[in-house]
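> What follows is entry.pdb; its format and atoms are PDB, C-alpha atoms and all ligand atoms.
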```pdb
ATOM      1  CA  MET A 652     -18.737 -52.432 -25.165
ATOM      2  CA  ASP A 653     -18.211 -49.327 -23.141
ATOM      3  CA  ILE A 654     -16.151 -46.901 -25.227
ATOM      4  CA  LYS A 655     -13.152 -45.380 -23.463
ATOM      5  CA  TYR A 656     -11.527 -42.006 -23.996
ATOM      6  CA  ALA A 657      -8.148 -40.339 -23.597
ATOM      7  CA  ILE A 658      -6.890 -36.795 -23.423
ATOM      8  CA  GLY A 659      -4.089 -35.945 -25.837
ATOM      9  CA  ILE A 660      -1.798 -32.940 -25.455
ATOM     10  CA  ASP A 661       0.789 -31.934 -28.040
ATOM     11  CA  LEU A 662       3.016 -29.312 -26.492
ATOM     12  CA  GLY A 663       5.003 -27.214 -28.942
ATOM     13  CA  GLY A 664       7.147 -24.123 -28.605
ATOM     14  CA  THR A 665       4.379 -21.943 -30.069
ATOM     15  CA  PHE A 666       1.080 -23.779 -29.573
ATOM     16  CA  ILE A 667      -0.491 -26.395 -27.336
ATOM     17  CA  LYS A 668      -2.826 -28.678 -29.272
ATOM     18  CA  PHE A 669      -5.290 -30.702 -27.247
ATOM     19  CA  ALA A 670      -8.081 -33.171 -27.928
ATOM     20  CA  LEU A 671     -10.405 -35.690 -26.359
ATOM     21  CA  VAL A 672     -10.281 -38.863 -28.462
ATOM     22  CA  ASN A 673     -12.092 -42.179 -28.181
ATOM     23  CA  GLN A 674     -10.442 -45.567 -28.511
ATOM     24  CA  ASP A 675     -11.491 -45.796 -32.174
ATOM     25  CA  GLY A 676      -9.437 -42.693 -32.881
ATOM     26  CA  GLU A 677     -12.393 -40.329 -33.230
ATOM     27  CA  LYS A 678     -11.911 -36.834 -31.891
ATOM     28  CA  ILE A 679     -14.763 -35.753 -29.641
ATOM     29  CA  THR A 680     -13.510 -32.210 -29.237
ATOM     30  CA  GLU A 681     -10.243 -30.414 -29.798
ATOM     31  CA  GLY A 682      -8.575 -27.056 -29.437
ATOM     32  CA  ILE A 683      -5.402 -25.086 -29.767
ATOM     33  CA  THR A 684      -3.982 -22.410 -27.499
ATOM     34  CA  PRO A 685      -0.753 -20.397 -27.459
ATOM     35  CA  THR A 686       2.023 -21.958 -25.361
ATOM     36  CA  ASN A 687       3.198 -18.477 -24.404
ATOM     37  CA  ALA A 688       6.722 -19.700 -23.758
ATOM     38  CA  VAL A 689       7.931 -16.141 -23.084
ATOM     39  CA  GLY A 690       5.724 -16.142 -19.965
ATOM     40  CA  GLY A 691       8.045 -18.694 -18.336
ATOM     41  CA  ARG A 692       7.761 -22.267 -17.105
ATOM     42  CA  GLU A 693       4.853 -21.787 -14.662
ATOM     43  CA  GLU A 694       2.830 -20.003 -17.321
ATOM     44  CA  VAL A 695       3.343 -22.879 -19.785
ATOM     45  CA  ILE A 696       2.227 -25.388 -17.144
ATOM     46  CA  GLU A 697      -0.851 -23.264 -16.380
ATOM     47  CA  ASN A 698      -1.734 -23.213 -20.067
ATOM     48  CA  ILE A 699      -1.495 -27.013 -20.246
ATOM     49  CA  VAL A 700      -3.680 -27.307 -17.136
ATOM     50  CA  ALA A 701      -6.266 -24.914 -18.636
ATOM     51  CA  ALA A 702      -6.374 -26.983 -21.851
ATOM     52  CA  ILE A 703      -7.011 -30.198 -19.888
ATOM     53  CA  GLU A 704      -9.691 -28.500 -17.781
ATOM     54  CA  LYS A 705     -11.434 -27.389 -20.940
ATOM     55  CA  LEU A 706     -11.525 -30.969 -22.254
ATOM     56  CA  LEU A 707     -12.798 -32.312 -18.918
ATOM     57  CA  ARG A 708     -15.615 -29.746 -18.886
ATOM     58  CA  TYR A 709     -16.718 -30.602 -22.428
ATOM     59  CA  ASP A 710     -19.032 -33.472 -21.511
ATOM     60  CA  PRO A 711     -19.294 -34.337 -17.795
ATOM     61  CA  ALA A 712     -20.923 -37.672 -18.734
ATOM     62  CA  LEU A 713     -17.652 -38.828 -20.340
ATOM     63  CA  LYS A 714     -15.438 -37.896 -17.428
ATOM     64  CA  SER A 715     -15.508 -41.291 -15.746
ATOM     65  CA  LYS A 716     -14.608 -42.998 -19.034
ATOM     66  CA  ILE A 717     -11.384 -41.052 -19.563
ATOM     67  CA  LEU A 718      -8.472 -43.464 -19.052
ATOM     68  CA  GLY A 719      -5.724 -40.906 -18.769
ATOM     69  CA  ILE A 720      -3.742 -38.033 -20.177
ATOM     70  CA  GLY A 721      -1.114 -38.498 -22.890
ATOM     71  CA  LEU A 722       1.362 -35.699 -23.467
ATOM     72  CA  GLY A 723       4.104 -35.100 -25.990
ATOM     73  CA  THR A 724       6.739 -32.496 -25.178
ATOM     74  CA  PRO A 725       9.961 -31.323 -26.788
ATOM     75  CA  GLY A 726      13.000 -32.667 -24.960
ATOM     76  CA  ILE A 727      14.066 -35.900 -23.339
ATOM     77  CA  VAL A 728      11.502 -37.529 -21.073
ATOM     78  CA  GLU A 729      12.206 -40.189 -18.488
ATOM     79  CA  ASP A 730       9.376 -41.586 -16.346
ATOM     80  CA  GLY A 731       7.234 -38.469 -16.629
ATOM     81  CA  VAL A 732      10.125 -36.096 -15.955
ATOM     82  CA  VAL A 733      11.429 -33.737 -18.630
ATOM     83  CA  ILE A 734      15.200 -34.131 -18.267
ATOM     84  CA  GLY A 735      16.166 -31.377 -20.707
ATOM     85  CA  GLY A 736      16.926 -30.860 -24.375
ATOM     86  CA  ALA A 737      13.940 -28.590 -25.115
ATOM     87  CA  GLU A 738      15.516 -25.364 -26.327
ATOM     88  CA  ASN A 739      12.240 -23.732 -27.361
ATOM     89  CA  LEU A 740      10.594 -23.904 -23.924
ATOM     90  CA  PRO A 741      11.624 -21.896 -20.866
ATOM     91  CA  ASP A 742      13.521 -23.701 -18.125
ATOM     92  CA  TRP A 743      12.103 -26.973 -19.450
ATOM     93  CA  CYS A 744      14.403 -29.331 -17.563
ATOM     94  CA  ASP A 745      14.249 -31.341 -14.331
ATOM     95  CA  LEU A 746      10.511 -30.887 -14.552
ATOM     96  CA  PRO A 747       8.267 -33.614 -13.065
ATOM     97  CA  LEU A 748       5.388 -32.621 -15.312
ATOM     98  CA  GLY A 749       3.786 -36.064 -15.196
ATOM     99  CA  LYS A 750       3.521 -35.958 -11.409
ATOM    100  CA  ILE A 751       2.223 -32.373 -11.413
ATOM    101  CA  LEU A 752      -0.610 -33.238 -13.829
ATOM    102  CA  GLN A 753      -1.368 -36.564 -12.150
ATOM    103  CA  GLU A 754      -1.836 -34.878  -8.769
ATOM    104  CA  LYS A 755      -3.870 -32.060 -10.260
ATOM    105  CA  PHE A 756      -6.327 -34.243 -12.161
ATOM    106  CA  SER A 757      -6.140 -37.637 -10.411
ATOM    107  CA  LEU A 758      -5.694 -39.287 -13.797
ATOM    108  CA  PRO A 759      -2.769 -41.426 -14.997
ATOM    109  CA  VAL A 760      -0.365 -39.379 -17.137
ATOM    110  CA  PHE A 761       1.791 -40.866 -19.906
ATOM    111  CA  MET A 762       4.493 -38.709 -21.435
ATOM    112  CA  ASP A 763       7.097 -38.985 -24.136
ATOM    113  CA  ASN A 764       9.152 -36.900 -26.496
ATOM    114  CA  ASP A 765       7.031 -35.170 -29.185
ATOM    115  CA  ALA A 766       8.771 -36.809 -32.161
ATOM    116  CA  ASN A 767       8.371 -40.253 -30.571
ATOM    117  CA  LEU A 768       4.664 -39.621 -30.202
ATOM    118  CA  MET A 769       4.268 -38.336 -33.749
ATOM    119  CA  GLY A 770       5.789 -41.612 -34.880
ATOM    120  CA  LEU A 771       3.496 -43.591 -32.584
ATOM    121  CA  GLY A 772       0.479 -41.696 -33.957
ATOM    122  CA  GLU A 773       1.408 -42.638 -37.521
ATOM    123  CA  ILE A 774       1.897 -46.250 -36.467
ATOM    124  CA  HIS A 775      -1.432 -46.616 -34.665
ATOM    125  CA  TYR A 776      -3.638 -44.338 -36.748
ATOM    126  CA  GLY A 777      -1.768 -43.238 -39.873
ATOM    127  CA  ALA A 778       0.772 -44.299 -42.479
ATOM    128  CA  ALA A 779       2.165 -47.443 -40.850
ATOM    129  CA  LYS A 780      -0.883 -49.138 -39.348
ATOM    130  CA  ASP A 781      -0.354 -52.760 -38.296
ATOM    131  CA  ALA A 782       3.410 -52.619 -38.849
ATOM    132  CA  THR A 783       5.738 -53.869 -36.102
ATOM    133  CA  ASP A 784       8.994 -52.310 -37.303
ATOM    134  CA  VAL A 785       8.925 -48.682 -38.382
ATOM    135  CA  ILE A 786      11.337 -45.768 -38.485
ATOM    136  CA  PHE A 787       9.700 -42.339 -38.494
ATOM    137  CA  LEU A 788      11.487 -39.177 -39.559
ATOM    138  CA  THR A 789      10.126 -35.671 -39.491
ATOM    139  CA  VAL A 790      11.989 -33.356 -41.831
ATOM    140  CA  GLY A 791      11.516 -29.690 -41.014
ATOM    141  CA  THR A 792      13.534 -27.015 -39.238
ATOM    142  CA  GLY A 793      15.484 -29.956 -37.850
ATOM    143  CA  ILE A 794      15.138 -33.717 -38.220
ATOM    144  CA  GLY A 795      13.369 -35.620 -35.488
ATOM    145  CA  GLY A 796      12.493 -39.229 -35.382
ATOM    146  CA  ALA A 797      11.091 -42.258 -33.671
ATOM    147  CA  MET A 798      11.954 -45.930 -33.811
ATOM    148  CA  TYR A 799       9.283 -48.560 -33.358
ATOM    149  CA  LEU A 800      10.922 -51.954 -33.153
ATOM    150  CA  ASN A 801       9.358 -55.324 -32.605
ATOM    151  CA  GLY A 802       6.027 -53.693 -31.713
ATOM    152  CA  SER A 803       7.118 -50.960 -29.312
ATOM    153  CA  LEU A 804       8.817 -47.597 -29.232
ATOM    154  CA  TYR A 805      12.547 -47.878 -28.736
ATOM    155  CA  SER A 806      14.598 -44.936 -27.487
ATOM    156  CA  GLY A 807      17.546 -46.600 -25.851
ATOM    157  CA  PHE A 808      18.477 -46.859 -22.195
ATOM    158  CA  ARG A 809      16.346 -44.558 -20.034
ATOM    159  CA  ASN A 810      14.697 -43.073 -23.147
ATOM    160  CA  ARG A 811      17.749 -41.028 -24.083
ATOM    161  CA  GLY A 812      18.212 -41.985 -27.715
ATOM    162  CA  ALA A 813      16.440 -42.200 -31.078
ATOM    163  CA  GLU A 814      18.051 -38.880 -32.054
ATOM    164  CA  ILE A 815      17.913 -39.802 -35.714
ATOM    165  CA  GLY A 816      18.715 -36.254 -36.881
ATOM    166  CA  HIS A 817      22.031 -36.437 -35.103
ATOM    167  CA  MET A 818      23.477 -39.424 -36.897
ATOM    168  CA  ILE A 819      26.720 -38.184 -38.325
ATOM    169  CA  ILE A 820      26.787 -38.631 -42.091
ATOM    170  CA  LYS A 821      29.902 -36.600 -42.865
ATOM    171  CA  SER A 822      33.164 -36.627 -41.018
ATOM    172  CA  ASN A 823      34.112 -33.151 -39.778
ATOM    173  CA  GLY A 824      31.181 -31.733 -41.744
ATOM    174  CA  LYS A 825      28.814 -28.809 -41.225
ATOM    175  CA  GLN A 826      28.254 -27.498 -37.715
ATOM    176  CA  CYS A 827      25.051 -28.864 -36.161
ATOM    177  CA  GLU A 828      22.867 -27.223 -33.486
ATOM    178  CA  CYS A 829      23.711 -30.107 -31.128
ATOM    179  CA  GLY A 830      27.363 -29.089 -31.024
ATOM    180  CA  ALA A 831      28.706 -31.868 -33.242
ATOM    181  CA  LYS A 832      29.675 -31.627 -36.895
ATOM    182  CA  GLY A 833      28.248 -33.454 -39.879
ATOM    183  CA  CYS A 834      24.845 -34.538 -38.499
ATOM    184  CA  LEU A 835      22.081 -35.633 -40.870
ATOM    185  CA  GLU A 836      20.029 -32.643 -39.671
ATOM    186  CA  ALA A 837      22.729 -30.176 -40.709
ATOM    187  CA  TYR A 838      22.558 -31.542 -44.268
ATOM    188  CA  ALA A 839      19.063 -32.823 -44.927
ATOM    189  CA  SER A 840      16.650 -30.659 -42.907
ATOM    190  CA  THR A 841      14.450 -28.143 -44.707
ATOM    191  CA  THR A 842      16.581 -25.431 -43.094
ATOM    192  CA  ALA A 843      19.680 -26.901 -44.738
ATOM    193  CA  LEU A 844      17.882 -27.180 -48.095
ATOM    194  CA  VAL A 845      16.775 -23.553 -47.937
ATOM    195  CA  ASN A 846      20.250 -22.393 -46.897
ATOM    196  CA  ASP A 847      21.800 -24.337 -49.788
ATOM    197  CA  TYR A 848      19.450 -22.646 -52.212
ATOM    198  CA  LYS A 849      19.878 -19.175 -50.713
ATOM    199  CA  SER A 850      23.649 -19.426 -50.783
ATOM    200  CA  ARG A 851      23.432 -19.842 -54.537
ATOM    201  CA  VAL A 852      21.068 -16.977 -55.422
ATOM    202  CA  ASP A 853      21.321 -13.246 -54.910
ATOM    203  CA  VAL A 854      19.117 -12.988 -51.832
ATOM    204  CA  GLU A 855      19.462  -9.197 -51.743
ATOM    205  CA  LYS A 856      17.858  -8.862 -55.160
ATOM    206  CA  SER A 857      15.157 -11.404 -54.504
ATOM    207  CA  ASP A 858      12.062 -10.045 -52.762
ATOM    208  CA  VAL A 859      10.385 -13.432 -52.351
ATOM    209  CA  CYS A 860      10.419 -15.522 -49.222
ATOM    210  CA  ILE A 861      12.529 -18.571 -50.015
ATOM    211  CA  ASP A 862      11.286 -21.633 -48.134
ATOM    212  CA  GLY A 863      10.804 -25.320 -48.861
ATOM    213  CA  ARG A 864       7.531 -24.673 -50.673
ATOM    214  CA  TYR A 865       9.172 -22.066 -52.912
ATOM    215  CA  ILE A 866      12.005 -24.426 -53.877
ATOM    216  CA  VAL A 867       9.535 -27.240 -54.635
ATOM    217  CA  GLY A 868       7.563 -24.829 -56.841
ATOM    218  CA  LYS A 869      10.736 -23.875 -58.693
ATOM    219  CA  TYR A 870      11.644 -27.551 -59.083
ATOM    220  CA  LYS A 871       8.317 -28.166 -60.782
ATOM    221  CA  GLU A 872       9.112 -25.286 -63.163
ATOM    222  CA  ASN A 873      12.369 -27.083 -64.040
ATOM    223  CA  ASP A 874      14.528 -24.432 -62.445
ATOM    224  CA  PRO A 875      18.078 -25.887 -62.669
ATOM    225  CA  LEU A 876      19.176 -24.628 -59.250
ATOM    226  CA  ALA A 877      16.068 -26.007 -57.523
ATOM    227  CA  ILE A 878      16.646 -29.359 -59.247
ATOM    228  CA  GLU A 879      20.255 -29.375 -58.126
ATOM    229  CA  VAL A 880      19.621 -28.553 -54.466
ATOM    230  CA  LEU A 881      16.699 -30.974 -54.175
ATOM    231  CA  GLU A 882      18.719 -33.782 -55.735
ATOM    232  CA  GLN A 883      21.455 -32.995 -53.253
ATOM    233  CA  HIS A 884      18.825 -33.033 -50.452
ATOM    234  CA  TRP A 885      17.635 -36.506 -51.473
ATOM    235  CA  ASP A 886      21.207 -37.677 -51.611
ATOM    236  CA  TYR A 887      21.896 -36.471 -48.051
ATOM    237  CA  LEU A 888      18.591 -37.700 -46.637
ATOM    238  CA  SER A 889      19.021 -41.095 -48.281
ATOM    239  CA  ASP A 890      22.460 -41.464 -46.672
ATOM    240  CA  GLY A 891      20.731 -41.402 -43.288
ATOM    241  CA  ILE A 892      17.772 -43.519 -44.322
ATOM    242  CA  ALA A 893      19.883 -46.172 -46.040
ATOM    243  CA  GLY A 894      21.920 -46.568 -42.863
ATOM    244  CA  LEU A 895      18.754 -46.977 -40.820
ATOM    245  CA  ILE A 896      17.403 -49.588 -43.249
ATOM    246  CA  ASN A 897      20.633 -51.572 -43.159
ATOM    247  CA  VAL A 898      20.587 -51.612 -39.358
ATOM    248  CA  PHE A 899      16.883 -52.131 -38.624
ATOM    249  CA  ALA A 900      15.323 -53.580 -41.808
ATOM    250  CA  PRO A 901      12.022 -51.821 -41.059
ATOM    251  CA  GLN A 902       8.776 -52.506 -42.914
ATOM    252  CA  ASN A 903       8.142 -48.795 -43.281
ATOM    253  CA  ILE A 904      10.145 -45.625 -43.267
ATOM    254  CA  VAL A 905       7.567 -42.889 -42.640
ATOM    255  CA  ILE A 906       8.550 -39.333 -43.565
ATOM    256  CA  GLY A 907       6.649 -36.398 -42.066
ATOM    257  CA  GLY A 908       7.196 -32.650 -41.952
ATOM    258  CA  GLY A 909       6.149 -29.963 -44.451
ATOM    259  CA  ILE A 910       8.512 -31.088 -47.213
ATOM    260  CA  SER A 911       6.952 -34.549 -47.270
ATOM    261  CA  GLU A 912       3.763 -32.966 -48.601
ATOM    262  CA  ALA A 913       5.624 -31.886 -51.742
ATOM    263  CA  GLY A 914       4.136 -34.709 -53.793
ATOM    264  CA  ASP A 915       4.817 -38.159 -55.234
ATOM    265  CA  PHE A 916       7.934 -36.989 -57.065
ATOM    266  CA  TYR A 917       9.584 -36.295 -53.698
ATOM    267  CA  PHE A 918       9.135 -39.910 -52.600
ATOM    268  CA  GLU A 919       9.997 -41.391 -55.984
ATOM    269  CA  SER A 920      13.294 -39.526 -56.020
ATOM    270  CA  LEU A 921      14.026 -40.293 -52.375
ATOM    271  CA  CYS A 922      13.349 -44.021 -52.913
ATOM    272  CA  LEU A 923      15.515 -44.100 -56.002
ATOM    273  CA  SER A 924      18.390 -42.526 -54.126
ATOM    274  CA  THR A 925      17.918 -44.653 -50.976
ATOM    275  CA  PHE A 926      17.584 -48.110 -52.453
ATOM    276  CA  LYS A 927      20.745 -47.616 -54.501
ATOM    277  CA  LYS A 928      22.594 -47.467 -51.186
ATOM    278  CA  THR A 929      20.960 -50.229 -49.149
ATOM    279  CA  MET A 930      21.817 -53.886 -49.067
ATOM    280  CA  GLN A 931      19.324 -55.910 -51.022
ATOM    281  CA  GLU A 932      18.504 -58.199 -48.093
ATOM    282  CA  THR A 933      17.945 -55.449 -45.519
ATOM    283  CA  SER A 934      15.660 -53.413 -47.769
ATOM    284  CA  GLN A 935      13.689 -56.253 -49.295
ATOM    285  CA  PHE A 936      10.560 -55.568 -47.228
ATOM    286  CA  THR A 937      10.959 -51.805 -46.745
ATOM    287  CA  THR A 938       8.743 -49.142 -48.252
ATOM    288  CA  ILE A 939       9.224 -45.397 -47.810
ATOM    289  CA  VAL A 940       5.887 -43.664 -47.324
ATOM    290  CA  PRO A 941       4.604 -40.170 -46.533
ATOM    291  CA  ALA A 942       3.130 -39.492 -43.107
ATOM    292  CA  LYS A 943      -0.653 -39.248 -43.177
ATOM    293  CA  LEU A 944      -1.643 -37.328 -40.088
ATOM    294  CA  GLY A 945       0.182 -34.047 -40.699
ATOM    295  CA  ASN A 946       0.200 -31.803 -37.641
ATOM    296  CA  GLN A 947      -2.287 -34.114 -35.878
ATOM    297  CA  ALA A 948       0.227 -36.952 -35.480
ATOM    298  CA  GLY A 949       1.369 -35.744 -32.050
ATOM    299  CA  ILE A 950      -2.142 -35.719 -30.611
ATOM    300  CA  TYR A 951      -2.869 -39.203 -31.953
ATOM    301  CA  GLY A 952       0.407 -40.461 -30.566
ATOM    302  CA  ALA A 953      -0.377 -38.987 -27.163
ATOM    303  CA  VAL A 954      -3.740 -40.730 -26.906
ATOM    304  CA  SER A 955      -2.399 -43.995 -28.295
ATOM    305  CA  LEU A 956       0.171 -43.988 -25.499
ATOM    306  CA  VAL A 957      -2.710 -43.859 -22.995
ATOM    307  CA  PHE A 958      -4.701 -46.612 -24.748
ATOM    308  CA  ALA A 959      -1.595 -48.797 -25.116
ATOM    309  CA  ASN A 960      -1.028 -48.594 -21.346
ATOM    310  CA  ARG A 961      -4.570 -48.647 -20.053
ATOM    311  CA  LEU A 962      -6.805 -50.693 -22.388
TER
HETATM  312 ZN    ZN B1001      23.566 -32.810 -34.380
END
```
Would it be possible to restate this file's structure as structure tokens?
Ligand SMILES: [Zn+2]

Amino acid sequence: MDIKYAIGIDLGGTFIKFALVNQDGEKITEGITPTNAVGGREEVIENIVAAIEKLLRYDPALKSKILGIGLGTPGIVEDGVVIGGAENLPDWCDLPLGKILQEKFSLPVFMDNDANLMGLGEIHYGAAKDATDVIFLTVGTGIGGAMYLNGSLYSGFRNRGAEIGHMIIKSNGKQCECGAKGCLEAYASTTALVNDYKSRVDVEKSDVCIDGRYIVGKYKENDPLAIEVLEQHWDYLSDGIAGLINVFAPQNIVIGGGISEAGDFYFESLCLSTFKKTMQETSQFTTIVPAKLGNQAGIYGAVSLVFANRL
């Protein structure tokens, strides 16, 4: 069989990751380049174009076997157009990026939101292989997510939804970046965890950088405050996850983001907290698992979008 290839682009606010991947999920070549968001919208587009050109130059013999370009971007994407919602990129709205790249390279372009593609990467190549019903959450600065239902990504009408981080878990609660109050993200993101911890220690006196890793380290040393804030974190996060399980009864809940690399104890505690809150029937077939692909999930999701459409 003639092996086919796809170009994957993972556009972030700081870096553009790019790779040429074959249909078995093997990377042929890859790279990373600064997004240079401060340079403005045209500059970011030029940097994406340069990354694709680099991949196309890598092996001219493969060029005719490349099925298309997959691209994950922050924001809401509808039919290859970035509608908006990408705060970390300049003027990143009403942008027909799919069309621009398609005309430039004469290759089909498939685009989606970055968190959706991270989820898709984990489903096709990572933690939830062969599953048909999966909810993916990435817990970091914020909480992003993807829903894969009945064998395909689901993001609501015209791809506007799946904003898992903005499920409201507390009435009239903490202010969220989205403008609402009480969102899951405002309580259970790593940012929220770190803020909880910081608000309880004398930050002025402390000369260490307090981040998720620091709190996890303290937890392992049996520091009472670290134990308290992490237990609170699991309680908040499990509120969101339990609701998702009751609604969707997924086979897997996949958790990505830096905090998910904390270790087995993180998942044991999260499971304990979650399954206390779910209905027995809805959660009967659900397991909560760590993401496997780390910061490569977006690239794998981007290429799997191409293969899913073109193979
Ligand atoms: Zn929100």
> Given the file shown, determine the residues that the PyMOL selection byres (((not hetatm)) within 6 of (chain B and resi 1001)) selects; report them as an MDAnalysis selection string.
chainID A and resid 817 827:829 831 834
> Under the rule of at most 7 Å, produce a per-residue listing of range 826-873 of chain A near range 775-799 of chain A: chain, number, name, the closest pair of atoms, and the distance in Å, as JSON lines, using all atoms listed in the file.

```
{"residue": "A:Glu836", "atom": "CA", "partner": "A:Ile794", "partner_atom": "CA", "distance": 5.2}
{"residue": "A:Ser840", "atom": "CA", "partner": "A:Gly793", "partner_atom": "CA", "distance": 5.2}
{"residue": "A:Thr841", "atom": "CA", "partner": "A:Gly791", "partner_atom": "CA", "distance": 5.0}
{"residue": "A:Thr842", "atom": "CA", "partner": "A:Thr792", "partner_atom": "CA", "distance": 5.2}
```
> I'd like the residues picked by the PyMOL selection byres (((chain A and resi 681) around 10) and not hetatm) written out as a list in words, using the chain letters and numbers from the file.
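On this input, the PyMOL selection byres (((chain A and resi 681) around 10) and not hetatm) captures Ile658, Gly659, Ile660, Lys668, Phe669, Ala670, Leu671, Val672, Lys678, Ile679, Thr680, Gly682, Ile683, Ala702, Lys705, Leu706, Tyr709 and Ile950 of chain A.
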> Interatomic distance between CA of Asn823 in chain A and CA of Asn846 in chain A?
18.9 Å
> With all atoms listed in the file as the atoms that count, which of A:Thr938, A:Thr724, A:Ser955, A:Gln883 lies nearest to Gln902 in chain A?
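The answer is A:Thr938, which sits nearest to Gln902 in chain A.
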> So, counting all atoms listed in the file, which residue among A:Ile727, A:Lys832, A:Asp886, A:Val940 is closest to Ser911 in chain A?
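Looking only at the distances to Ser911 in chain A, the closest residue turns out to be A:Val940.
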> Please determine an axis-aligned box that encloses all atoms of range 734-745 of chain A listed in the file, with 4 Å added on each side, and express its centre and edge lengths in Å to one decimal as AutoDock Vina command-line options.

```
--center_x 13.8 --center_y -28.0 --center_z -20.8 --size_x 14.3 --size_y 20.2 --size_z 21.0
```
> For CA of Gly907 in chain A and CA of Gly945 in chain A, determine how far apart the two atoms are, in Å to one decimal place.
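Distance reported for this atom pair: 7.0 Å.
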> For CA of Ile703 in chain A and CA of Val733 in chain A, determine how far apart the two atoms are, in Å to one decimal place.
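Value for the CA of Ile703 in chain A-CA of Val733 in chain A distance: 18.8 Å.
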> Could you tell me, as a tab-separated table (two decimals) with C-alpha atoms, in the frame of the given file, which residues have any atom at most 7 Å from (21.9, -53.5, -43.5), counting only C-alpha atoms?

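Contents of the output file part.tsv:
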```tsv
chain	number	residue	atom	x	y	z
A	894	GLY	CA	21.92	-46.57	-42.86
A	896	ILE	CA	17.40	-49.59	-43.25
A	897	ASN	CA	20.63	-51.57	-43.16
A	898	VAL	CA	20.59	-51.61	-39.36
A	900	ALA	CA	15.32	-53.58	-41.81
A	929	THR	CA	20.96	-50.23	-49.15
A	930	MET	CA	21.82	-53.89	-49.07
A	933	THR	CA	17.94	-55.45	-45.52
```
> Show which residues sit within 10 Å of Pro747 in chain A, as a PyMOL selection string. Count all atoms listed in the file, and ignore same-chain residues fewer than 5 positions away.
chain A and resi 728-734+752
> Those selected residues, please, written with C-alpha atoms and delivered as an mmCIF file, keeping the file's coordinate frame.

```cif
data_model
loop_
_atom_site.group_PDB
_atom_site.id
_atom_site.type_symbol
_atom_site.label_atom_id
_atom_site.label_comp_id
_atom_site.auth_asym_id
_atom_site.auth_seq_id
_atom_site.Cartn_x
_atom_site.Cartn_y
_atom_site.Cartn_z
ATOM 1 C CA VAL A 728 11.502 -37.529 -21.073
ATOM 2 C CA GLU A 729 12.206 -40.189 -18.488
ATOM 3 C CA ASP A 730 9.376 -41.586 -16.346
ATOM 4 C CA GLY A 731 7.234 -38.469 -16.629
ATOM 5 C CA VAL A 732 10.125 -36.096 -15.955
ATOM 6 C CA VAL A 733 11.429 -33.737 -18.630
ATOM 7 C CA ILE A 734 15.200 -34.131 -18.267
ATOM 8 C CA LEU A 752 -0.610 -33.238 -13.829
#
```
> Tell me which of A:Leu844, A:Pro759, A:Met769, A:Gly749 sits closest to Arg961 in chain A, counting only C-alpha atoms.
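Closest to Arg961 in chain A of all the choices is A:Pro759.
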